[in-house]
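K.L.:
Got a structure for you, query-v5.cif, holding mmCIF, C-alpha atoms.
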```cif
data_structure
#
loop_
_atom_site.label_atom_id
_atom_site.label_comp_id
_atom_site.auth_asym_id
_atom_site.auth_seq_id
_atom_site.Cartn_x
_atom_site.Cartn_y
_atom_site.Cartn_z
CA MET A 292 30.68 187.38 86.54
CA SER A 293 27.03 187.87 85.59
CA ASN A 294 25.67 191.31 84.80
CA GLU A 295 23.20 190.98 87.63
CA LEU A 296 26.05 190.55 90.08
CA LYS A 297 27.98 193.43 88.56
CA ASN A 298 25.21 195.99 88.94
CA HIS A 299 24.88 196.17 92.68
CA PHE A 300 28.48 195.55 93.60
CA VAL A 301 31.22 198.11 93.71
CA ILE A 302 34.95 197.95 94.35
CA ILE A 303 36.24 200.72 96.62
CA MET A 304 39.91 201.52 96.52
CA PRO A 305 41.54 204.25 98.59
CA ALA A 306 44.69 205.55 96.93
CA TYR A 307 47.47 207.81 98.09
CA ASN A 308 50.33 208.39 95.64
CA GLU A 309 49.82 205.15 93.74
CA ALA A 310 50.93 206.39 90.31
CA GLY A 311 52.75 203.64 88.43
CA ARG A 312 50.81 200.92 90.24
CA ILE A 313 47.13 201.85 90.15
CA ALA A 314 46.58 201.33 86.41
CA SER A 315 47.88 197.77 86.53
CA THR A 316 45.81 197.09 89.69
CA ILE A 317 42.64 198.25 87.88
CA ALA A 318 43.55 196.29 84.75
CA GLY A 319 44.08 193.24 86.97
CA ILE A 320 40.62 193.66 88.51
CA ARG A 321 39.05 193.96 85.06
CA LYS A 322 40.26 190.43 84.22
CA PHE A 323 38.13 189.04 87.02
CA SER A 324 35.26 191.46 87.52
CA GLY A 325 33.14 193.92 85.58
CA ALA A 326 32.06 195.70 88.76
CA ASP A 327 32.26 199.48 89.04
CA ILE A 328 35.55 200.63 90.53
CA ILE A 329 35.67 203.72 92.73
CA VAL A 330 39.09 205.09 93.52
CA VAL A 331 39.14 207.48 96.47
CA ASN A 332 42.12 209.71 95.88
CA ASP A 333 43.34 210.68 99.34
CA GLY A 334 45.14 213.90 98.41
CA SER A 335 47.78 212.33 96.15
CA THR A 336 50.46 214.65 94.79
CA ASP A 337 51.37 212.43 91.82
CA ASP A 338 49.45 211.19 88.74
CA THR A 339 47.23 208.74 90.63
CA VAL A 340 44.00 210.47 89.51
CA ALA A 341 44.87 210.65 85.81
CA GLU A 342 46.09 207.05 85.74
CA ALA A 343 43.02 205.76 87.58
CA LYS A 344 40.64 207.62 85.24
CA GLU A 345 42.49 206.43 82.18
CA ALA A 346 42.26 202.86 83.42
CA GLY A 347 38.48 203.24 83.61
CA ALA A 348 37.82 203.85 87.30
CA ASP A 349 35.52 206.46 88.80
CA VAL A 350 37.54 208.82 90.97
CA ILE A 351 36.46 210.70 94.08
CA ASN A 352 38.95 213.43 94.92
CA LEU A 353 39.46 214.31 98.56
CA PRO A 354 40.70 217.91 98.87
CA PHE A 355 43.58 216.83 101.12
CA ASN A 356 44.99 213.74 102.78
CA LEU A 357 42.53 212.41 105.40
CA GLY A 358 44.05 209.02 106.17
CA TYR A 359 43.29 205.46 105.04
CA GLY A 360 40.16 204.92 107.16
CA ALA A 361 38.56 208.24 106.25
CA ALA A 362 39.29 207.72 102.54
CA LEU A 363 37.74 204.27 102.66
CA GLN A 364 34.75 205.67 104.52
CA THR A 365 34.27 208.28 101.77
CA GLY A 366 33.90 205.39 99.32
CA PHE A 367 31.27 203.73 101.51
CA LYS A 368 29.33 206.98 101.89
CA TYR A 369 29.36 207.43 98.12
CA ALA A 370 28.39 203.79 97.50
CA LEU A 371 25.45 204.14 99.89
CA LYS A 372 24.35 207.31 98.12
CA LYS A 373 24.51 205.49 94.82
CA LYS A 374 22.45 202.64 96.33
CA TYR A 375 25.02 199.89 95.88
CA GLU A 376 24.03 196.79 97.84
CA PHE A 377 27.49 195.26 98.18
CA ALA A 378 31.08 196.44 98.18
CA VAL A 379 34.59 195.07 98.06
CA GLN A 380 37.34 197.17 99.57
CA MET A 381 40.86 196.60 98.38
CA ASP A 382 44.22 198.34 98.22
CA ALA A 383 45.37 200.22 95.14
CA ASP A 384 49.00 199.09 95.28
CA GLY A 385 48.39 195.65 93.82
CA GLN A 386 48.90 193.85 97.12
CA HIS A 387 45.45 192.25 96.95
CA ASP A 388 45.15 189.68 94.20
CA PRO A 389 41.97 190.32 92.15
CA SER A 390 41.42 186.58 91.62
CA SER A 391 40.23 186.56 95.26
CA ILE A 392 37.39 189.07 94.67
CA LEU A 393 34.81 186.46 93.72
CA PRO A 394 35.44 184.08 96.66
CA LEU A 395 35.16 187.14 98.94
CA ILE A 396 31.94 188.63 97.60
CA LYS A 397 30.00 185.45 96.84
CA PRO A 398 29.02 184.49 100.42
CA VAL A 399 27.99 188.12 101.05
CA ILE A 400 25.79 188.32 97.95
CA ASN A 401 24.28 184.94 98.86
CA ASP A 402 23.42 186.44 102.28
CA GLU A 403 25.34 183.73 104.09
CA ILE A 404 27.30 186.42 105.90
CA ASP A 405 27.47 190.22 106.38
CA ILE A 406 31.19 190.71 105.89
CA VAL A 407 34.03 188.54 104.66
CA ILE A 408 37.63 189.35 105.52
CA GLY A 409 40.35 188.13 103.24
CA SER A 410 43.14 186.43 105.18
CA ARG A 411 46.62 186.00 103.78
CA PHE A 412 47.45 183.45 106.48
CA LEU A 413 44.59 180.91 106.26
CA ASP A 414 46.24 179.20 103.31
CA LYS A 415 49.92 178.98 102.58
CA GLY A 416 50.38 182.01 100.36
CA ASN A 417 53.50 183.76 99.17
CA TYR A 418 53.04 186.71 101.51
CA LYS A 419 56.08 187.41 103.61
CA ALA A 420 56.01 190.17 106.21
CA PRO A 421 59.00 191.35 108.23
CA LEU A 422 59.31 189.62 111.60
CA VAL A 423 58.19 192.60 113.72
CA ARG A 424 55.13 193.16 111.55
CA ARG A 425 54.30 189.46 111.65
CA MET A 426 54.56 189.51 115.44
CA GLY A 427 52.23 192.52 115.58
CA MET A 428 49.70 190.79 113.34
CA TYR A 429 49.87 187.64 115.48
CA PHE A 430 49.49 189.68 118.69
CA PHE A 431 46.41 191.57 117.49
CA GLY A 432 45.04 188.41 115.88
CA PHE A 433 45.35 186.69 119.26
CA ILE A 434 43.55 189.54 121.11
CA THR A 435 40.83 189.76 118.45
CA SER A 436 40.33 185.98 118.51
CA ILE A 437 39.86 186.01 122.29
CA LEU A 438 37.48 188.99 122.24
CA THR A 439 35.36 187.77 119.33
CA GLY A 440 35.40 184.09 120.25
CA ARG A 441 36.54 182.99 116.80
CA LYS A 442 39.90 182.49 115.18
CA ILE A 443 41.12 185.65 113.46
CA THR A 444 44.34 185.14 111.54
CA ASP A 445 44.63 188.46 109.71
CA PRO A 446 43.25 191.39 111.74
CA THR A 447 44.95 194.04 109.59
CA SER A 448 43.48 192.86 106.30
CA GLY A 449 42.04 195.63 104.13
CA PHE A 450 40.68 193.13 101.59
CA GLN A 451 37.03 192.75 102.55
CA ALA A 452 33.59 192.22 101.03
CA LEU A 453 30.54 193.59 102.79
CA ASN A 454 26.84 194.20 102.47
CA LYS A 455 24.83 197.40 102.86
CA LYS A 456 24.29 196.97 106.61
CA VAL A 457 28.04 196.88 107.23
CA MET A 458 28.57 199.78 104.80
CA GLU A 459 26.13 201.83 106.87
CA PHE A 460 28.08 200.96 110.01
CA TYR A 461 31.37 201.82 108.29
CA ALA A 462 29.88 205.16 107.23
CA SER A 463 29.08 206.03 110.87
CA LYS A 464 31.25 208.05 113.23
CA ALA A 465 32.36 204.85 114.99
CA TYR A 466 34.68 204.09 112.07
CA PRO A 467 38.30 205.15 112.72
CA PHE A 468 40.02 207.84 110.62
CA ASP A 469 43.37 206.12 110.40
CA TYR A 470 43.73 202.36 110.82
CA PRO A 471 40.47 200.42 110.81
CA ASP A 472 41.81 197.03 111.87
CA ALA A 473 41.35 194.79 114.92
CA ASP A 474 39.20 197.37 116.73
CA VAL A 475 36.68 197.36 113.87
CA LEU A 476 36.47 193.56 113.92
CA ILE A 477 35.66 193.72 117.63
CA MET A 478 33.04 196.41 116.97
CA LEU A 479 31.49 194.22 114.24
CA HIS A 480 31.36 191.31 116.67
CA ARG A 481 29.75 193.43 119.41
CA LYS A 482 27.22 194.84 116.93
CA GLY A 483 26.20 191.30 116.06
CA PHE A 484 27.34 191.29 112.43
CA ARG A 485 28.06 187.90 110.87
CA PHE A 486 31.65 187.79 109.70
CA LYS A 487 34.30 185.28 108.75
CA GLU A 488 37.71 185.04 107.15
CA VAL A 489 38.36 183.36 103.85
CA PRO A 490 41.79 182.67 102.37
CA VAL A 491 42.96 185.20 99.77
CA ILE A 492 46.16 185.78 97.86
CA MET A 493 48.17 188.83 98.86
CA HIS A 494 51.46 189.94 97.41
CA ASN A 495 54.16 191.92 99.12
CA ALA A 496 53.49 195.65 98.83
CA ALA A 497 55.45 197.45 96.14
CA LYS A 498 55.95 200.48 98.34
CA PRO A 499 57.02 200.74 101.98
CA SER A 500 54.32 199.97 104.56
CA MET A 501 52.57 202.83 106.32
CA HIS A 502 53.69 201.12 109.52
CA GLY A 503 57.39 201.55 108.67
CA GLY A 504 59.95 203.23 110.94
CA ILE A 505 59.91 203.17 114.75
CA ILE A 506 57.46 205.85 115.89
CA LYS A 507 54.59 204.78 113.63
CA PRO A 508 54.48 201.11 114.71
CA LEU A 509 54.65 202.19 118.37
CA TYR A 510 51.85 204.70 117.81
CA TYR A 511 49.87 202.02 115.97
CA ILE A 512 50.19 199.56 118.87
CA PHE A 513 49.23 202.22 121.43
CA LYS A 514 46.31 203.52 119.35
CA MET A 515 44.98 200.06 118.56
CA LEU A 516 45.15 198.85 122.18
CA LEU A 517 43.42 202.02 123.38
CA SER A 518 40.79 201.73 120.66
CA ILE A 519 40.10 198.08 121.52
CA PHE A 520 39.85 198.95 125.22
CA MET A 521 37.46 201.82 124.50
CA THR A 522 35.38 199.60 122.22
CA LEU A 523 34.97 197.18 125.12
CA LEU A 524 33.98 199.98 127.51
CA ARG A 525 31.30 201.39 125.21
CA LYS A 526 27.80 200.09 125.67
CA GLU A 527 26.49 200.68 122.14
CA MET B 284 54.24 235.14 151.31
CA THR B 285 56.34 238.28 151.04
CA ILE B 286 54.90 241.56 149.82
CA GLN B 287 56.96 241.28 146.59
CA GLN B 288 55.51 237.82 145.90
CA LYS B 289 51.99 239.15 146.52
CA ILE B 290 52.47 242.11 144.18
CA PHE B 291 53.99 239.87 141.51
CA ALA B 292 51.10 237.35 141.72
CA LEU B 293 48.54 240.18 141.70
CA VAL B 294 50.09 241.80 138.64
CA ILE B 295 50.18 238.47 136.79
CA GLY B 296 46.62 237.51 137.75
CA ALA B 297 45.04 240.91 137.12
CA GLY B 298 47.14 241.47 133.98
CA LEU B 299 46.06 238.12 132.52
CA PHE B 300 42.44 238.88 133.35
CA MET B 301 42.56 242.26 131.63
CA ILE B 302 44.43 241.03 128.55
CA ILE B 303 41.85 238.28 128.05
CA LEU B 304 38.96 240.73 128.44
CA GLU B 305 40.56 243.04 125.90
CA MET B 306 41.08 240.17 123.43
CA VAL B 307 37.42 239.16 123.78
CA ARG B 308 36.39 242.82 123.27
CA ARG B 309 38.42 242.99 120.06
CA ARG B 310 36.96 239.63 118.94
CA ARG B 311 40.40 238.08 118.78
CA LEU B 312 39.21 235.46 121.28
CA ALA B 313 35.71 233.99 121.44
CA GLU B 314 33.83 234.21 124.76
CA GLU B 315 33.54 230.43 124.61
CA TYR B 316 37.31 230.04 124.88
CA SER B 317 37.90 232.81 127.39
CA PHE B 318 36.22 231.33 130.46
CA LEU B 319 39.06 229.11 131.63
CA TRP B 320 41.63 231.87 131.02
CA LEU B 321 39.55 234.41 132.92
CA GLY B 322 39.10 231.82 135.67
CA THR B 323 42.88 231.43 135.92
CA GLY B 324 43.51 235.18 136.27
CA PHE B 325 40.57 235.66 138.62
CA GLY B 326 41.57 232.67 140.76
CA ILE B 327 45.09 234.00 141.24
CA VAL B 328 43.81 237.44 142.29
CA VAL B 329 41.27 235.96 144.73
CA LEU B 330 43.85 233.72 146.36
CA VAL B 331 46.33 236.57 146.83
CA VAL B 332 43.71 238.92 148.24
CA TRP B 333 41.99 236.26 150.37
CA TYR B 334 45.16 235.01 151.96
CA ASP B 335 43.43 232.79 154.56
CA LEU B 336 41.89 230.74 151.76
CA LEU B 337 45.32 230.32 150.17
CA GLU B 338 46.80 229.19 153.51
CA TRP B 339 43.96 226.74 154.02
CA LEU B 340 44.46 225.33 150.50
CA THR B 341 48.20 225.08 151.15
CA TYR B 342 47.47 223.02 154.28
CA LEU B 343 44.87 220.96 152.42
CA ILE B 344 47.17 219.87 149.57
CA GLY B 345 50.18 219.48 151.86
CA ALA B 346 52.31 222.12 150.16
CA ARG B 347 55.06 223.87 152.11
CA THR B 348 54.53 227.43 150.94
CA ALA B 349 51.64 229.51 149.65
CA THR B 350 53.55 230.35 146.45
CA THR B 351 53.74 226.64 145.62
CA THR B 352 49.95 226.39 145.99
CA LEU B 353 49.47 229.36 143.67
CA PHE B 354 51.80 227.79 141.13
CA ILE B 355 50.05 224.40 141.31
CA ILE B 356 46.59 225.95 140.93
CA GLY B 357 47.75 228.00 137.94
CA PHE B 358 49.29 224.87 136.45
CA VAL B 359 46.10 222.84 136.94
CA PHE B 360 44.16 225.56 135.11
CA VAL B 361 46.62 225.41 132.21
CA ILE B 362 46.19 221.62 132.03
CA LEU B 363 42.40 222.06 131.98
CA ILE B 364 42.68 224.66 129.22
CA ASN B 365 44.80 222.25 127.16
CA LEU B 366 42.36 219.43 127.73
CA HIS B 367 39.55 221.72 126.64
CA TYR B 368 41.46 222.44 123.41
CA SER B 369 42.12 218.75 122.78
CA VAL B 370 38.39 218.05 123.04
CA LYS B 371 37.66 220.91 120.64
CA ILE B 372 40.35 219.76 118.18
CA THR B 373 38.91 216.24 118.21
CA ARG B 374 35.50 217.63 117.30
CA LEU B 375 36.94 219.97 114.68
CA ALA B 376 38.94 217.15 113.08
CA ALA B 377 35.77 215.04 112.76
CA GLN B 378 33.89 218.00 111.27
CA VAL B 379 36.70 218.75 108.79
CA LYS B 380 36.76 215.08 107.75
CA ASP B 381 32.97 215.03 107.20
CA LEU B 382 33.13 218.27 105.21
CA ALA B 383 36.01 217.07 103.03
CA GLN B 384 34.16 213.81 102.32
CA LYS B 385 30.97 215.69 101.44
CA ILE B 386 32.80 218.07 99.11
CA ALA B 387 34.53 215.15 97.38
CA ILE B 388 31.25 213.26 96.93
CA TYR B 389 29.38 216.34 95.65
CA GLU B 390 32.18 217.14 93.22
CA LYS B 391 32.07 213.56 91.93
CA GLU B 392 28.30 213.78 91.45
CA ASP B 393 28.61 217.10 89.66
CA SER B 394 31.26 215.94 87.21
#
```
I need this file expressed as structure tokens, please.
P.N.:
Amino acid sequence: MSNELKNHFVIIMPAYNEAGRIASTIAGIRKFSGADIIVVNDGSTDDTVAEAKEAGADVINLPFNLGYGAALQTGFKYALKKKYEFAVQMDADGQHDPSSILPLIKPVINDEIDIVIGSRFLDKGNYKAPLVRRMGMYFFGFITSILTGRKITDPTSGFQALNKKVMEFYASKAYPFDYPDADVLIMLHRKGFRFKEVPVIMHNAAKPSMHGGIIKPLYYIFKMLLSIFMTLLRKE
Amino acid sequence: MTIQQKIFALVIGAGLFMIILEMVRRRRLAEEYSFLWLGTGFGIVVLVVWYDLLEWLTYLIGARTATTTLFIIGFVFVILINLHYSVKITRLAAQVKDLAQKIAIYEKEDS
């Protein structure tokens, strides 16, 4: 990647107890991109911070666990303060394959689009989710597709590339604390942002999903449906 | 409503009212949070003293006895107080999140 591209483009990675994985994730990114890497440590109790620093990332330390959305938002606020023009958000657990960074960010840097969402389902990848999770993704993909008028195959994807305008929107109070998924895509659509999905490679997560168990998936479904409904009711 | 029921409701209503006032006086409860509690105590006292109003309300909501009406009104106040707290907690959670993010960003810039 050219130096010019590197300078105004940052990789934001929220991390909660990712020791043992985060160093290899950062090393993986380094093979494909020289961009600055900001790890937002979301109150980890293990060696995430030390490992991330040693691997060469900049680390922002949240004083306690705020949740995935709020941690990600901290990264966007920081990136805006540091005047980055573009950002890629990705997970710290190695689920998102760094070879997909360039195809994600290129259309954004070329101003063809405001935000690109990496989809694990557009191409035949090796990602295999449990049946219930797959059904949930399909369900919210279906709702999001209807409400945005375009086909959305992966509404829960946290692998995205975005420009400054979207970063400013993500840094606003409209952005959810916990799970910024289908509801955010609908907000983006209603705000008039240009967005599309591109195929990316995702691997199965090395640690259990945050949607594991019984209560959490049920809460997720309830919260997401309510959030989508409220998004539709809001005028702005 | 029997005389025992009236005395009991009066003691509860007036007692609640006075406890809340005392807590506000000792700054253990902010004025801002005391209004709904004071309203609950005051409302109970008014309804017991002004019995015609209580009977009219009982007729209006279709309750069988005046004590039921008192109970329902007290319960509605408690729900409102809880709702009030939920709204406050929502705002506090957003403020705590913003503060934590700011601290983390400032610390990063300082280092």
K.L.:
When you get a sec, could you note down which chain B residues fall within 12 Å of chain A, using all atoms listed in the file, as a VMD selection string?
P.N.:
chain B and resid 373 to 374 376 to 394
K.L.:
When the PyMOL selection byres ((chain B and resi 332-336) around 12) is applied to the file above, which residues end up in the set, as a PyMOL selection string?
P.N.:
chain B and resi 284-286+289-290+292-294+296-297+325-331+337-343+349-350+352-353
K.L.:
Run through the PyMOL selection byres ((chain B and resi 316-321) around 9) on the given coordinates and return the selected residues as an MDAnalysis selection string.
P.N.:
chainID B and resid 299:301 303:304 306:307 312:315 322:326 360:361 363:364 367:368
K.L.:
Can you list, as a PDB file with C-alpha atoms, keeping the file's coordinate frame, every protein, DNA or RNA residue that comes within 10 Å of Leu438 (chain A) when you count all atoms listed in the file, leaving out same-chain residues fewer than 4 positions away?
P.N.:
```pdb
ATOM      1  CA  GLY A 432      45.040 188.410 115.880  1.00  0.00           C
ATOM      2  CA  PHE A 433      45.350 186.690 119.260  1.00  0.00           C
ATOM      3  CA  ILE A 434      43.550 189.540 121.110  1.00  0.00           C
ATOM      4  CA  LYS A 442      39.900 182.490 115.180  1.00  0.00           C
ATOM      5  CA  LEU A 476      36.470 193.560 113.920  1.00  0.00           C
ATOM      6  CA  ILE A 477      35.660 193.720 117.630  1.00  0.00           C
ATOM      7  CA  HIS A 480      31.360 191.310 116.670  1.00  0.00           C
ATOM      8  CA  ARG A 481      29.750 193.430 119.410  1.00  0.00           C
ATOM      9  CA  ILE A 519      40.100 198.080 121.520  1.00  0.00           C
ATOM     10  CA  LEU A 523      34.970 197.180 125.120  1.00  0.00           C
TER      11      LEU A 523
END
```
K.L.:
Return as a count of residues only the set of residues that the PyMOL selection byres ((chain A and resi 404) around 12) yields on the displayed structure.
P.N.:
27
K.L.:
Between CA of Gly385 (chain A) and CA of Ile328 (chain A), what is the distance, to one decimal in Å?
P.N.:
14.2 Å
K.L.:
Tell me, in Å to one decimal, how far CA of Asp388 (chain A) is from CA of Thr316 (chain A).
P.N.:
8.7 Å
K.L.:
Please measure the separation of CA of Gln380 (chain A) and CA of Gly449 (chain A), giving the value in Å to one decimal.
P.N.:
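Answer for the CA of Gln380 (chain A) to CA of Gly449 (chain A) separation: 6.7 Å.
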K.L.:
Take every atom of region 343-362 of chain B listed in the file, fit an axis-aligned box around them, add 6 Å per side, and give the centre and edge lengths in Å to one decimal as lines of an AutoDock Vina configuration file.
P.N.:
```
center_x = 49.6
center_y = 224.9
center_z = 142.2
size_x = 22.9
size_y = 22.9
size_z = 32.4
```
